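Source file: entry.tsv. Holds: TSV, C-alpha atoms and all ligand atoms.
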```tsv
chain	number	residue	atom	x	y	z
B	5	MET	CA	-0.40	-8.60	-25.23
B	6	PRO	CA	-2.13	-5.45	-24.02
B	7	SER	CA	-1.75	-5.11	-20.31
B	8	ARG	CA	-4.91	-5.32	-18.35
B	9	ILE	CA	-6.11	-2.80	-15.84
B	10	ALA	CA	-9.31	-2.60	-13.85
B	11	GLU	CA	-12.48	-2.26	-15.89
B	12	ILE	CA	-14.68	0.64	-14.93
B	13	ARG	CA	-17.84	-1.38	-15.37
B	14	LEU	CA	-16.55	-3.85	-12.80
B	15	VAL	CA	-15.55	-1.19	-10.28
B	16	SER	CA	-17.99	-1.14	-7.40
B	17	SER	CA	-19.31	2.15	-6.07
B	18	ASP	CA	-21.14	3.87	-3.26
B	19	HIS	CA	-22.12	7.49	-2.91
B	20	GLU	CA	-19.79	7.73	0.09
B	21	VAL	CA	-16.79	6.48	-1.85
B	22	TYR	CA	-14.53	8.37	-4.25
B	23	GLU	CA	-15.16	7.28	-7.82
B	24	PRO	CA	-12.24	6.74	-10.20
B	25	CYS	CA	-11.47	10.14	-11.65
B	26	ASP	CA	-8.74	11.90	-13.66
B	27	ASP	CA	-6.33	11.57	-10.76
B	28	SER	CA	-6.96	7.82	-10.47
B	29	PHE	CA	-6.48	7.41	-14.22
B	30	ALA	CA	-3.29	9.45	-14.19
B	31	LEU	CA	-1.88	7.27	-11.41
B	32	VAL	CA	-2.74	4.07	-13.26
B	33	ASP	CA	-1.20	5.57	-16.42
B	34	ALA	CA	1.99	6.18	-14.47
B	35	LEU	CA	1.99	2.54	-13.37
B	36	LEU	CA	1.32	1.41	-16.93
B	37	ALA	CA	4.16	3.54	-18.22
B	38	ASP	CA	6.41	1.90	-15.66
B	39	ARG	CA	5.08	-1.61	-16.18
B	40	THR	CA	8.24	-3.17	-17.58
B	41	ASN	CA	10.27	-1.73	-14.74
B	42	LEU	CA	7.73	-2.88	-12.20
B	43	ILE	CA	7.91	-6.42	-13.50
B	44	GLU	CA	11.68	-6.34	-13.38
B	45	HIS	CA	11.47	-4.82	-9.91
B	46	ASN	CA	9.98	-8.15	-8.83
B	47	PRO	CA	8.10	-6.84	-5.78
B	48	LYS	CA	7.00	-9.16	-2.98
B	49	ILE	CA	4.71	-6.77	-1.13
B	50	CYS	CA	2.75	-3.92	-2.70
B	51	MET	CA	0.43	-1.55	-0.93
B	52	GLU	CA	-2.04	1.21	-1.63
B	53	ILE	CA	-2.89	3.80	0.98
B	54	GLY	CA	-6.36	5.33	0.53
B	55	CYS	CA	-7.75	2.74	-1.88
B	56	GLY	CA	-11.24	4.26	-2.32
B	57	SER	CA	-13.08	2.29	-5.00
B	58	GLY	CA	-10.19	-0.14	-5.41
B	59	TYR	CA	-9.61	0.91	-9.02
B	60	VAL	CA	-5.89	1.57	-8.57
B	61	ILE	CA	-4.89	-1.45	-6.47
B	62	THR	CA	-6.90	-3.74	-8.76
B	63	SER	CA	-5.11	-2.27	-11.78
B	64	LEU	CA	-1.74	-2.76	-10.13
B	65	ILE	CA	-2.57	-6.38	-9.36
B	66	LEU	CA	-3.71	-7.02	-12.94
B	67	LEU	CA	-0.59	-5.33	-14.30
B	68	LEU	CA	1.68	-7.67	-12.40
B	69	LYS	CA	-0.48	-10.75	-12.63
B	70	ASN	CA	1.06	-13.61	-14.61
B	71	GLU	CA	4.28	-11.61	-14.76
B	72	VAL	CA	5.46	-11.62	-11.17
B	73	PRO	CA	4.47	-14.67	-9.12
B	74	GLY	CA	3.67	-14.60	-5.43
B	75	VAL	CA	3.15	-10.90	-4.81
B	76	HIS	CA	1.16	-9.92	-1.77
B	77	PHE	CA	-1.09	-6.88	-1.96
B	78	LEU	CA	-2.44	-4.69	0.82
B	79	ALA	CA	-4.85	-1.77	0.67
B	80	THR	CA	-5.95	0.62	3.40
B	81	ASP	CA	-8.58	3.29	3.75
B	82	THR	CA	-10.05	5.15	6.70
B	83	ASN	CA	-13.49	4.88	5.17
B	84	PRO	CA	-15.04	1.49	6.03
B	85	ILE	CA	-17.37	1.74	3.04
B	86	ALA	CA	-14.39	2.28	0.75
B	87	ALA	CA	-12.78	-0.83	2.22
B	88	ARG	CA	-15.92	-2.80	1.44
B	89	VAL	CA	-16.22	-1.36	-2.06
B	90	THR	CA	-12.54	-2.14	-2.75
B	91	ASN	CA	-13.16	-5.74	-1.76
B	92	GLU	CA	-16.09	-5.90	-4.18
B	93	THR	CA	-13.99	-4.42	-6.99
B	94	LEU	CA	-11.20	-6.93	-6.33
B	95	GLU	CA	-13.66	-9.78	-6.31
B	96	ALA	CA	-15.31	-8.65	-9.54
B	97	HIS	CA	-11.90	-8.89	-11.21
B	98	GLY	CA	-11.08	-12.21	-9.58
B	99	VAL	CA	-8.03	-10.91	-7.73
B	100	GLU	CA	-7.08	-10.63	-4.08
B	101	ALA	CA	-5.63	-8.19	-1.60
B	102	ASP	CA	-5.83	-7.71	2.14
B	103	VAL	CA	-8.02	-4.70	2.74
B	104	ILE	CA	-7.71	-3.01	6.10
B	105	CYS	CA	-9.65	-0.13	7.48
B	106	THR	CA	-7.07	2.03	9.18
B	107	ASP	CA	-5.51	5.48	9.31
B	108	ILE	CA	-2.73	5.53	6.67
B	109	ALA	CA	-1.02	2.30	7.75
B	110	SER	CA	-1.19	2.38	11.50
B	111	CYS	CA	-1.06	-1.07	13.04
B	112	LEU	CA	0.90	-2.27	10.00
B	113	GLU	CA	3.88	0.00	10.42
B	114	LYS	CA	5.97	-2.01	12.84
B	115	ARG	CA	5.26	-5.32	11.21
B	116	LEU	CA	5.94	-4.17	7.69
B	117	ALA	CA	8.72	-1.69	8.31
B	118	GLY	CA	11.29	-1.94	5.54
B	119	SER	CA	9.28	-4.63	3.74
B	120	VAL	CA	7.08	-2.95	1.17
B	121	ASP	CA	8.47	-2.82	-2.36
B	122	VAL	CA	5.80	-0.67	-4.02
B	123	ILE	CA	3.51	1.91	-2.42
B	124	VAL	CA	0.92	3.85	-4.43
B	125	VAL	CA	-1.03	6.77	-3.04
B	126	ASN	CA	-3.70	9.04	-4.45
B	127	PRO	CA	-4.21	11.09	-1.30
B	128	PRO	CA	-6.78	13.72	-0.38
B	129	TYR	CA	-4.87	16.62	-1.95
B	130	VAL	CA	-7.36	19.45	-2.48
B	131	PRO	CA	-6.50	22.59	-0.51
B	132	THR	CA	-9.26	23.09	2.08
B	133	PRO	CA	-9.61	24.53	5.55
B	134	ASP	CA	-7.82	22.23	7.97
B	135	TYR	CA	-10.94	21.29	9.89
B	136	GLU	CA	-12.34	19.52	6.83
B	137	VAL	CA	-9.56	16.94	6.86
B	138	GLY	CA	-10.59	13.49	8.00
B	139	MET	CA	-14.25	14.34	8.43
B	140	GLU	CA	-16.70	11.52	8.05
B	141	GLY	CA	-18.02	10.74	4.62
B	142	ILE	CA	-16.90	11.57	1.13
B	143	ALA	CA	-15.22	14.89	2.03
B	144	SER	CA	-12.30	12.98	3.55
B	145	ALA	CA	-11.58	11.63	0.08
B	146	TRP	CA	-10.33	14.97	-1.15
B	147	ALA	CA	-9.98	17.40	1.76
B	148	GLY	CA	-6.25	17.99	2.08
B	149	GLY	CA	-6.05	20.94	4.47
B	150	GLU	CA	-3.61	23.79	3.99
B	151	ASN	CA	-2.12	23.62	0.48
B	152	GLY	CA	-3.66	20.15	0.33
B	153	ARG	CA	-0.66	18.91	2.26
B	154	THR	CA	-2.00	17.88	5.64
B	155	VAL	CA	-2.55	14.22	4.82
B	156	ILE	CA	0.34	14.00	2.35
B	157	ASP	CA	2.77	15.24	4.99
B	158	LYS	CA	1.54	12.56	7.38
B	159	ILE	CA	1.91	9.87	4.73
B	160	LEU	CA	5.51	10.68	3.73
B	161	PRO	CA	7.24	9.53	6.95
B	162	VAL	CA	5.10	6.38	7.03
B	163	VAL	CA	6.10	5.56	3.47
B	164	ASP	CA	9.74	6.11	4.37
B	165	LEU	CA	9.32	3.65	7.23
B	166	LEU	CA	7.52	0.99	5.20
B	167	LEU	CA	9.55	0.99	1.99
B	168	SER	CA	12.16	-1.69	1.54
B	169	GLU	CA	15.68	-0.85	0.44
B	170	LYS	CA	14.63	-1.14	-3.18
B	171	GLY	CA	11.15	0.25	-2.56
B	172	TRP	CA	9.29	2.53	-4.97
B	173	PHE	CA	6.63	5.08	-4.13
B	174	TYR	CA	4.11	6.64	-6.54
B	175	LEU	CA	2.24	9.73	-5.40
B	176	VAL	CA	-0.49	11.87	-6.95
B	177	THR	CA	-0.03	15.60	-6.37
B	178	LEU	CA	-1.40	18.89	-7.61
B	179	THR	CA	0.72	21.86	-8.52
B	180	SER	CA	-0.81	23.60	-5.52
B	181	ASN	CA	0.69	20.94	-3.24
B	182	SER	CA	4.17	22.21	-4.27
B	183	PRO	CA	5.41	18.88	-5.59
B	184	SER	CA	8.93	20.29	-5.83
B	185	GLU	CA	8.89	20.86	-2.09
B	186	ILE	CA	7.62	17.30	-1.54
B	187	CYS	CA	10.53	16.02	-3.64
B	188	LEU	CA	12.90	18.10	-1.58
B	189	LEU	CA	11.47	16.71	1.66
B	190	MET	CA	11.89	13.19	0.34
B	191	ARG	CA	15.33	13.99	-0.95
B	192	LYS	CA	16.37	14.89	2.59
B	193	LYS	CA	15.29	11.37	3.54
B	194	GLY	CA	17.51	10.00	0.76
B	195	TYR	CA	15.07	9.62	-2.11
B	196	ALA	CA	15.46	10.49	-5.74
B	197	SER	CA	12.34	11.42	-7.65
B	198	ARG	CA	10.96	11.90	-11.11
B	199	ILE	CA	7.78	13.08	-12.73
B	200	MET	CA	5.93	10.14	-14.27
B	201	VAL	CA	2.85	11.90	-15.61
B	202	GLN	CA	1.82	15.52	-15.89
B	203	ARG	CA	-1.75	16.29	-16.87
B	204	SER	CA	-3.88	19.40	-16.85
B	205	THR	CA	-7.61	18.99	-16.62
B	206	ASP	CA	-10.23	21.71	-16.47
B	207	GLU	CA	-9.94	21.88	-12.74
B	208	GLU	CA	-6.51	20.77	-11.75
B	209	ASN	CA	-2.93	20.35	-12.74
B	210	LEU	CA	-1.93	16.82	-11.79
B	211	ILE	CA	1.61	15.59	-11.34
B	212	ILE	CA	2.36	11.95	-10.59
B	213	LEU	CA	5.68	11.52	-8.85
B	214	LYS	CA	7.81	8.44	-8.36
B	215	PHE	CA	10.35	8.12	-5.55
B	216	TRP	CA	13.08	5.60	-4.84
B	217	ARG	CA	15.97	5.42	-2.42
B	218	ASP	CA	19.15	6.70	-3.86
B	219	LYS	CA	22.39	6.31	-1.96
B	220	ASP	CA	24.34	8.52	-4.34
B	221	GLN	CA	21.79	11.24	-4.00
B	222	GLU	CA	22.23	11.27	-0.27
B	223	MET	CA	25.98	11.58	-0.60
B	224	LEU	CA	25.74	14.19	-3.26
B	225	ASP	CA	23.32	16.15	-1.20
B	226	LYS	CA	25.61	16.36	1.76
B	227	GLU	CA	28.43	17.57	-0.42
B	228	THR	CA	27.15	20.18	-2.75
B	229	SER	CA	23.76	20.99	-4.07
B	230	SER	CA	21.55	23.37	-2.16
B	231	SER	CA	17.79	23.41	-1.90
B	232	SER	CA	17.41	26.32	-4.24
B	233	SER	CA	19.36	24.66	-7.02
B	234	PHE	CA	17.23	21.58	-6.53
B	235	LEU	CA	14.04	23.56	-6.84
B	236	SER	CA	15.14	25.27	-10.03
B	237	GLN	CA	16.21	21.91	-11.41
B	238	PHE	CA	12.77	20.55	-10.60
B	239	SER	CA	10.96	23.35	-12.35
B	240	ARG	CA	13.23	22.88	-15.36
B	241	SER	CA	12.40	19.21	-15.56
B	242	LEU	CA	8.73	19.97	-15.17
B	243	SER	CA	8.72	22.46	-18.01
B	244	SER	CA	10.66	20.15	-20.30
B	245	PHE	CA	8.18	17.44	-19.39
B	246	ILE	CA	5.27	19.63	-20.34
B	247	GLU	CA	6.99	20.65	-23.57
B	248	LYS	CA	7.48	17.04	-24.54
B	249	GLN	CA	3.82	16.39	-24.04
B	250	TRP	CA	2.84	19.25	-26.24
B	251	ARG	CA	4.95	18.11	-29.10
C	22	MET	CA	-3.99	-14.33	7.45
C	23	LEU	CA	-0.96	-12.33	6.52
C	24	SER	CA	-2.69	-9.13	7.44
C	25	CYS	CA	-4.03	-10.62	10.63
C	26	ASN	CA	-0.61	-11.81	11.50
C	27	ILE	CA	0.87	-8.50	10.57
C	28	LYS	CA	-1.58	-6.71	12.74
C	29	GLY	CA	-1.29	-9.54	15.17
C	30	VAL	CA	2.01	-8.18	16.22
C	31	SER	CA	1.28	-4.53	15.86
C	32	ASN	CA	2.39	-2.25	18.65
C	33	GLY	CA	4.78	-4.93	19.78
C	34	PHE	CA	2.27	-7.38	21.18
C	35	PRO	CA	0.26	-10.00	19.39
C	36	LEU	CA	-3.42	-9.30	19.07
C	37	ARG	CA	-5.50	-12.29	19.90
C	38	ILE	CA	-7.72	-13.59	17.15
C	39	GLU	CA	-11.31	-14.20	18.05
C	40	ALA	CA	-12.51	-16.32	15.18
C	41	GLY	CA	-16.15	-16.21	14.21
C	42	LYS	CA	-15.90	-17.48	10.69
C	43	VAL	CA	-12.72	-18.64	9.03
C	44	ILE	CA	-12.53	-19.34	5.33
C	45	GLU	CA	-9.89	-21.06	3.30
C	46	LYS	CA	-8.83	-19.80	-0.08
C	47	GLU	CA	-6.54	-21.67	-2.35
C	48	VAL	CA	-3.46	-19.64	-3.21
C	49	ASP	CA	-0.66	-20.62	-5.60
C	50	PHE	CA	2.29	-22.07	-3.72
C	51	ASN	CA	5.28	-19.79	-3.97
C	52	PRO	CA	8.36	-20.91	-2.02
C	53	ASP	CA	10.27	-17.71	-2.79
C	54	PHE	CA	7.65	-15.55	-1.19
C	55	LEU	CA	7.52	-17.79	1.87
C	56	LYS	CA	11.28	-17.75	2.27
C	57	HIS	CA	11.20	-14.00	1.98
C	58	MET	CA	8.51	-13.70	4.64
C	59	PHE	CA	9.92	-16.31	6.98
C	60	ALA	CA	12.60	-13.96	8.22
C	61	LYS	CA	10.01	-11.32	9.05
C	62	ILE	CA	7.55	-13.52	10.87
C	63	GLU	CA	7.19	-13.53	14.58
C	64	TRP	CA	6.84	-17.24	14.95
C	65	LYS	CA	4.89	-17.50	18.19
C	66	ALA	CA	2.33	-15.00	17.01
C	67	LEU	CA	1.79	-16.94	13.81
C	68	VAL	CA	1.43	-20.25	15.63
C	69	GLU	CA	-1.06	-18.69	18.04
C	70	GLY	CA	-2.96	-16.96	15.26
C	71	ALA	CA	-3.21	-20.09	13.14
C	72	ARG	CA	-4.31	-22.13	16.12
C	73	SER	CA	-7.10	-19.73	17.00
C	74	MET	CA	-8.29	-20.11	13.43
C	75	GLY	CA	-8.36	-23.85	13.82
C	76	TYR	CA	-5.03	-24.82	12.28
C	77	ALA	CA	-2.65	-26.48	14.68
C	78	GLU	CA	-0.12	-28.09	12.36
C	79	LEU	CA	2.66	-25.57	12.78
C	80	PRO	CA	5.59	-26.57	15.00
C	81	GLU	CA	5.60	-24.80	18.35
C	82	ASP	CA	9.17	-23.60	18.03
C	83	SER	CA	10.44	-21.66	15.11
C	84	PRO	CA	12.26	-24.08	12.85
C	85	ASP	CA	15.78	-23.43	11.77
C	86	ALA	CA	16.04	-21.45	8.54
C	87	THR	CA	17.86	-24.39	6.93
C	88	VAL	CA	14.55	-26.24	6.65
C	89	LEU	CA	13.57	-23.75	3.96
C	90	ASP	CA	16.19	-25.02	1.56
C	91	SER	CA	16.24	-28.64	2.64
C	92	GLY	CA	14.21	-29.75	-0.36
C	93	ASP	CA	11.52	-31.02	1.98
C	94	GLU	CA	8.43	-29.00	1.24
C	95	THR	CA	6.31	-30.22	4.14
C	96	PHE	CA	7.13	-27.27	6.32
C	97	LEU	CA	6.79	-24.69	3.56
C	98	ARG	CA	3.39	-26.11	2.65
C	99	LYS	CA	2.20	-25.68	6.22
C	100	LEU	CA	3.58	-22.18	6.40
C	101	HIS	CA	1.89	-21.41	3.10
C	102	HIS	CA	-1.45	-22.59	4.37
C	103	ALA	CA	-1.24	-20.77	7.69
C	104	LEU	CA	0.05	-17.55	6.22
C	105	LEU	CA	-1.87	-17.22	3.00
C	106	GLU	CA	-4.81	-19.56	2.81
C	107	LEU	CA	-6.50	-18.99	6.16
C	108	HIS	CA	-8.68	-15.92	6.21
C	109	LEU	CA	-10.55	-14.51	9.13
C	110	GLU	CA	-13.85	-13.60	7.56
C	111	GLU	CA	-15.81	-12.64	10.66
C	112	GLY	CA	-14.52	-12.12	14.17
C	113	ALA	CA	-12.30	-9.75	16.04
C	114	LEU	CA	-8.72	-8.93	16.88
C	115	VAL	CA	-8.35	-8.37	20.58
C	116	CYS	CA	-5.68	-6.39	22.33
C	117	PRO	CA	-4.41	-8.57	25.18
C	118	GLU	CA	-3.49	-5.55	27.25
C	119	THR	CA	-6.66	-3.50	27.12
C	120	GLY	CA	-9.20	-6.01	25.85
C	121	ARG	CA	-10.05	-3.57	23.08
C	122	LYS	CA	-11.70	-5.42	20.21
C	123	PHE	CA	-11.14	-4.56	16.59
C	124	PRO	CA	-13.98	-6.07	14.59
C	125	VAL	CA	-13.41	-8.03	11.39
C	126	ASN	CA	-16.34	-8.01	8.97
C	127	LYS	CA	-16.37	-9.57	5.55
C	128	GLY	CA	-12.65	-10.14	5.92
C	129	ILE	CA	-11.88	-6.48	6.61
C	130	PRO	CA	-10.36	-5.65	9.96
C	131	ASN	CA	-11.40	-2.26	11.25
C	132	MET	CA	-8.44	-0.89	13.15
C	133	LEU	CA	-9.71	2.66	13.47
C	134	LEU	CA	-9.41	4.10	16.92
C	135	HIS	CA	-12.09	6.18	18.54
C	136	GLU	CA	-11.25	9.77	19.10
C	137	ASP	CA	-10.64	9.27	22.80
C	138	GLU	CA	-8.12	6.55	22.04
C	139	VAL	CA	-5.85	8.52	19.78
R	1	LIG	C1	-8.53	10.91	-3.77
R	1	LIG	S1	-9.25	9.46	-3.05
R	1	LIG	C2	-8.46	8.20	-4.03
R	1	LIG	C3	-9.24	6.92	-4.15
R	1	LIG	C4	-8.66	5.87	-5.08
R	1	LIG	N1	-7.34	5.43	-4.64
R	1	LIG	C5	-8.55	6.39	-6.47
R	1	LIG	O1	-7.45	6.71	-6.91
R	1	LIG	O2	-9.57	6.48	-7.15
R	1	LIG	C6	-8.42	9.39	-1.47
R	1	LIG	C7	-8.78	8.20	-0.58
R	1	LIG	O3	-8.00	8.24	0.61
R	1	LIG	C8	-8.78	7.91	1.73
R	1	LIG	N2	-8.16	8.52	2.90
R	1	LIG	C9	-8.26	9.80	3.35
R	1	LIG	N3	-7.53	9.99	4.45
R	1	LIG	C10	-6.93	8.78	4.72
R	1	LIG	C11	-6.04	8.32	5.75
R	1	LIG	N4	-5.63	9.12	6.72
R	1	LIG	N5	-5.65	7.02	5.73
R	1	LIG	C12	-6.08	6.19	4.74
R	1	LIG	N6	-6.91	6.58	3.75
R	1	LIG	C13	-7.34	7.85	3.74
R	1	LIG	C14	-10.15	8.45	1.39
R	1	LIG	O4	-11.16	7.79	2.15
R	1	LIG	C15	-10.23	8.18	-0.11
R	1	LIG	O5	-10.80	6.92	-0.37
```

Please express what this file holds, its structure, as structure tokens.
Ligand SMILES: C[S@@+](CC[C@H](N)C(=O)[O-])C[C@H]1O[C@@H](n2cnc3c(N)ncnc32)[C@H](O)[C@@H]1O
Amino acid sequence: MPSRIAEIRLVSSDHEVYEPCDDSFALVDALLADRTNLIEHNPKICMEIGCGSGYVITSLILLLKNEVPGVHFLATDTNPIAARVTNETLEAHGVEADVICTDIASCLEKRLAGSVDVIVVNPPYVPTPDYEVGMEGIASAWAGGENGRTVIDKILPVVDLLLSEKGWFYLVTLTSNSPSEICLLMRKKGYASRIMVQRSTDEENLIILKFWRDKDQEMLDKETSSSSSFLSQFSRSLSSFIEKQWR
Amino acid sequence: MLSCNIKGVSNGFPLRIEAGKVIEKEVDFNPDFLKHMFAKIEWKALVEGARSMGYAELPEDSPDATVLDSGDETFLRKLHHALLELHLEEGALVCPETGRKFPVNKGIPNMLLHEDEV
């Protein structure tokens, strides 16, 4: 049976809300590629931060629907119109999630600490002047500040707090966000990572990363490997990834 | 309801629910999920929250965890209803300390803080 994802014609829209784009599709492709694992993962609580049109969270729900019973879904966005549009998209697909208008996950953090099994984020990642970050309206959907990292760097510690022991985290990045550095940051918090999707469009070079807690990694890290060897390892895996795609 | 309850105990204190319109949605009964959540719930906050949404069937004191596996589903059914089937469609979440109201419209709580509150 082909797995279902959200249908574009059913995705609601508003000129103030980010429309599903290459980055959204790449993220959903990463989830699709990981579908079997996700089902086996048997998550209880899944969450999207920055849900925009609702395309991604709806796809995630449809992916797991009928496969994993009793999953609870949450979606947040700072843009109240995005929250409304997400609700409409969910409804059009006949699925449900709790949509909350909030900054990243504030007001959920304490309650859900260590409880979320899957977090997906397509953050505002475009490098812009810092003052553009978090402005009202559609600009906040992409404005990522210096190196596009301002919002990402705020999200990472929150994700670390929310994820359960077995939790997984999928993140959209651009090459200009220095994904290898993001992996290194997460590695210091005890996470292993891998590249799920790499895609170059006319405008951007997208990399979808997946993170999970890795006890061994933490141990290993303390013992031997240095940051520089990690970075070179990352660039090696990225180039082999790109090679594979070309073949 | 889950999200309300979750937020209900944000920042360490339960937010009071000011119910305008409450709707009920039927959700598939899933004991596993409920057992999983039971450990994470702050019981008093849930009882309060459910009551302010017009559901007063939950026991005042947190039942012993053994009730979950007792084979008697009565309690789980109630928990299921309170946690998953009650939705605050219109209303507000009110901070008991400051009286600050977070509006809930079309089922979406708006927890954004004004600039002077951050
Ligand atoms: C690149 S768009 C992605 C939208 C959608 N998830 C998708 O993939 O099509 C980023 C979204 O994050 C939201 N956002 C920006 N800053 C945020 C923050 N601090 N907390 C929560 N959401 C935020 C924006 O409003 C926007 O909807």

Would you list the residues that come within 6 Å of ligand LIG 1 (chain R)? Count all atoms listed in the file and give the answer as a PDB file with C-alpha atoms, in the frame of the given file.
```pdb
ATOM      1  CA  TYR B  22     -14.530   8.370  -4.250  1.00  0.00           C
ATOM      2  CA  GLU B  23     -15.160   7.280  -7.820  1.00  0.00           C
ATOM      3  CA  PRO B  24     -12.240   6.740 -10.200  1.00  0.00           C
ATOM      4  CA  SER B  28      -6.960   7.820 -10.470  1.00  0.00           C
ATOM      5  CA  ILE B  53      -2.890   3.800   0.980  1.00  0.00           C
ATOM      6  CA  GLY B  54      -6.360   5.330   0.530  1.00  0.00           C
ATOM      7  CA  CYS B  55      -7.750   2.740  -1.880  1.00  0.00           C
ATOM      8  CA  GLY B  56     -11.240   4.260  -2.320  1.00  0.00           C
ATOM      9  CA  SER B  57     -13.080   2.290  -5.000  1.00  0.00           C
ATOM     10  CA  TYR B  59      -9.610   0.910  -9.020  1.00  0.00           C
ATOM     11  CA  VAL B  60      -5.890   1.570  -8.570  1.00  0.00           C
ATOM     12  CA  THR B  80      -5.950   0.620   3.400  1.00  0.00           C
ATOM     13  CA  ASP B  81      -8.580   3.290   3.750  1.00  0.00           C
ATOM     14  CA  THR B  82     -10.050   5.150   6.700  1.00  0.00           C
ATOM     15  CA  ASN B  83     -13.490   4.880   5.170  1.00  0.00           C
ATOM     16  CA  ALA B  86     -14.390   2.280   0.750  1.00  0.00           C
ATOM     17  CA  ASP B 107      -5.510   5.480   9.310  1.00  0.00           C
ATOM     18  CA  ILE B 108      -2.730   5.530   6.670  1.00  0.00           C
ATOM     19  CA  ASN B 126      -3.700   9.040  -4.450  1.00  0.00           C
ATOM     20  CA  PRO B 127      -4.210  11.090  -1.300  1.00  0.00           C
ATOM     21  CA  PRO B 128      -6.780  13.720  -0.380  1.00  0.00           C
ATOM     22  CA  GLY B 138     -10.590  13.490   8.000  1.00  0.00           C
ATOM     23  CA  SER B 144     -12.300  12.980   3.550  1.00  0.00           C
ATOM     24  CA  ALA B 145     -11.580  11.630   0.080  1.00  0.00           C
ATOM     25  CA  TRP B 146     -10.330  14.970  -1.150  1.00  0.00           C
TER      26      TRP B 146
END
```

What residues in chain B lie within 7 Å of chain C, counting all atoms listed in the file, written as an MDAnalysis selection string? chainID B and resid 48 74 102:107 111:112 114:115

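In this structure, atom CA of B:Val162 sits 20.6 Å away from atom CA of C:Glu136.
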
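Note that atom CA of B:Leu175 and atom CA of B:Gly152 are 13.3 Å apart.
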
Check the smallest atom-to-atom distance from each of B:Ser182, B:Ile246, B:Asp26, B:Phe77 to B:Arg153 using all atoms listed in the file, then report the winner. B:Ser182

Contact residues around C:Ile44 with only C-alpha atoms at 7 Å, ignoring same-chain residues under 4 positions, as a ChimeraX atom specification: /C:107-110

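Closest to C:Pro117 among C:Val88, C:Ile38, C:Ala103, C:Met74 is C:Ile38, based on only C-alpha atoms.
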
Residue neighbourhood B:Val75, 9 Å, only C-alpha atoms, exclusion window fewer than 4 positions, as a PDB file with C-alpha atoms, in the frame of the given file:
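This went into around.pdb:
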```pdb
ATOM      1  CA  ASN B  46       9.980  -8.150  -8.830  1.00  0.00           C
ATOM      2  CA  PRO B  47       8.100  -6.840  -5.780  1.00  0.00           C
ATOM      3  CA  LYS B  48       7.000  -9.160  -2.980  1.00  0.00           C
ATOM      4  CA  ILE B  49       4.710  -6.770  -1.130  1.00  0.00           C
ATOM      5  CA  CYS B  50       2.750  -3.920  -2.700  1.00  0.00           C
ATOM      6  CA  ILE B  65      -2.570  -6.380  -9.360  1.00  0.00           C
ATOM      7  CA  LEU B  68       1.680  -7.670 -12.400  1.00  0.00           C
ATOM      8  CA  LYS B  69      -0.480 -10.750 -12.630  1.00  0.00           C
TER       9      LYS B  69
ATOM     10  CA  PHE C  54       7.650 -15.550  -1.190  1.00  0.00           C
TER      11      PHE C  54
END
```

List the neighbours of B:Val201 out to 8 Å using all atoms listed in the file; skip same-chain residues closer than 6 positions along the sequence, and give me the result as a list of chain:residue names. B:Ala30, B:Leu31, B:Asp33, B:Ala34, B:Leu210, B:Ile211, B:Ile212, B:Leu213

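What separates atom CA of B:Asp38 from atom CA of B:Ile186 is a distance of 20.9 Å.
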
Contacts of stretch 5-20 of chain B within 6 Å, all atoms listed in the file, excl. fewer than 2 positions in-chain, as JSON, numbers by chain: {"B": [59, 62, 63, 66, 67, 89, 93, 96, 141, 142]}
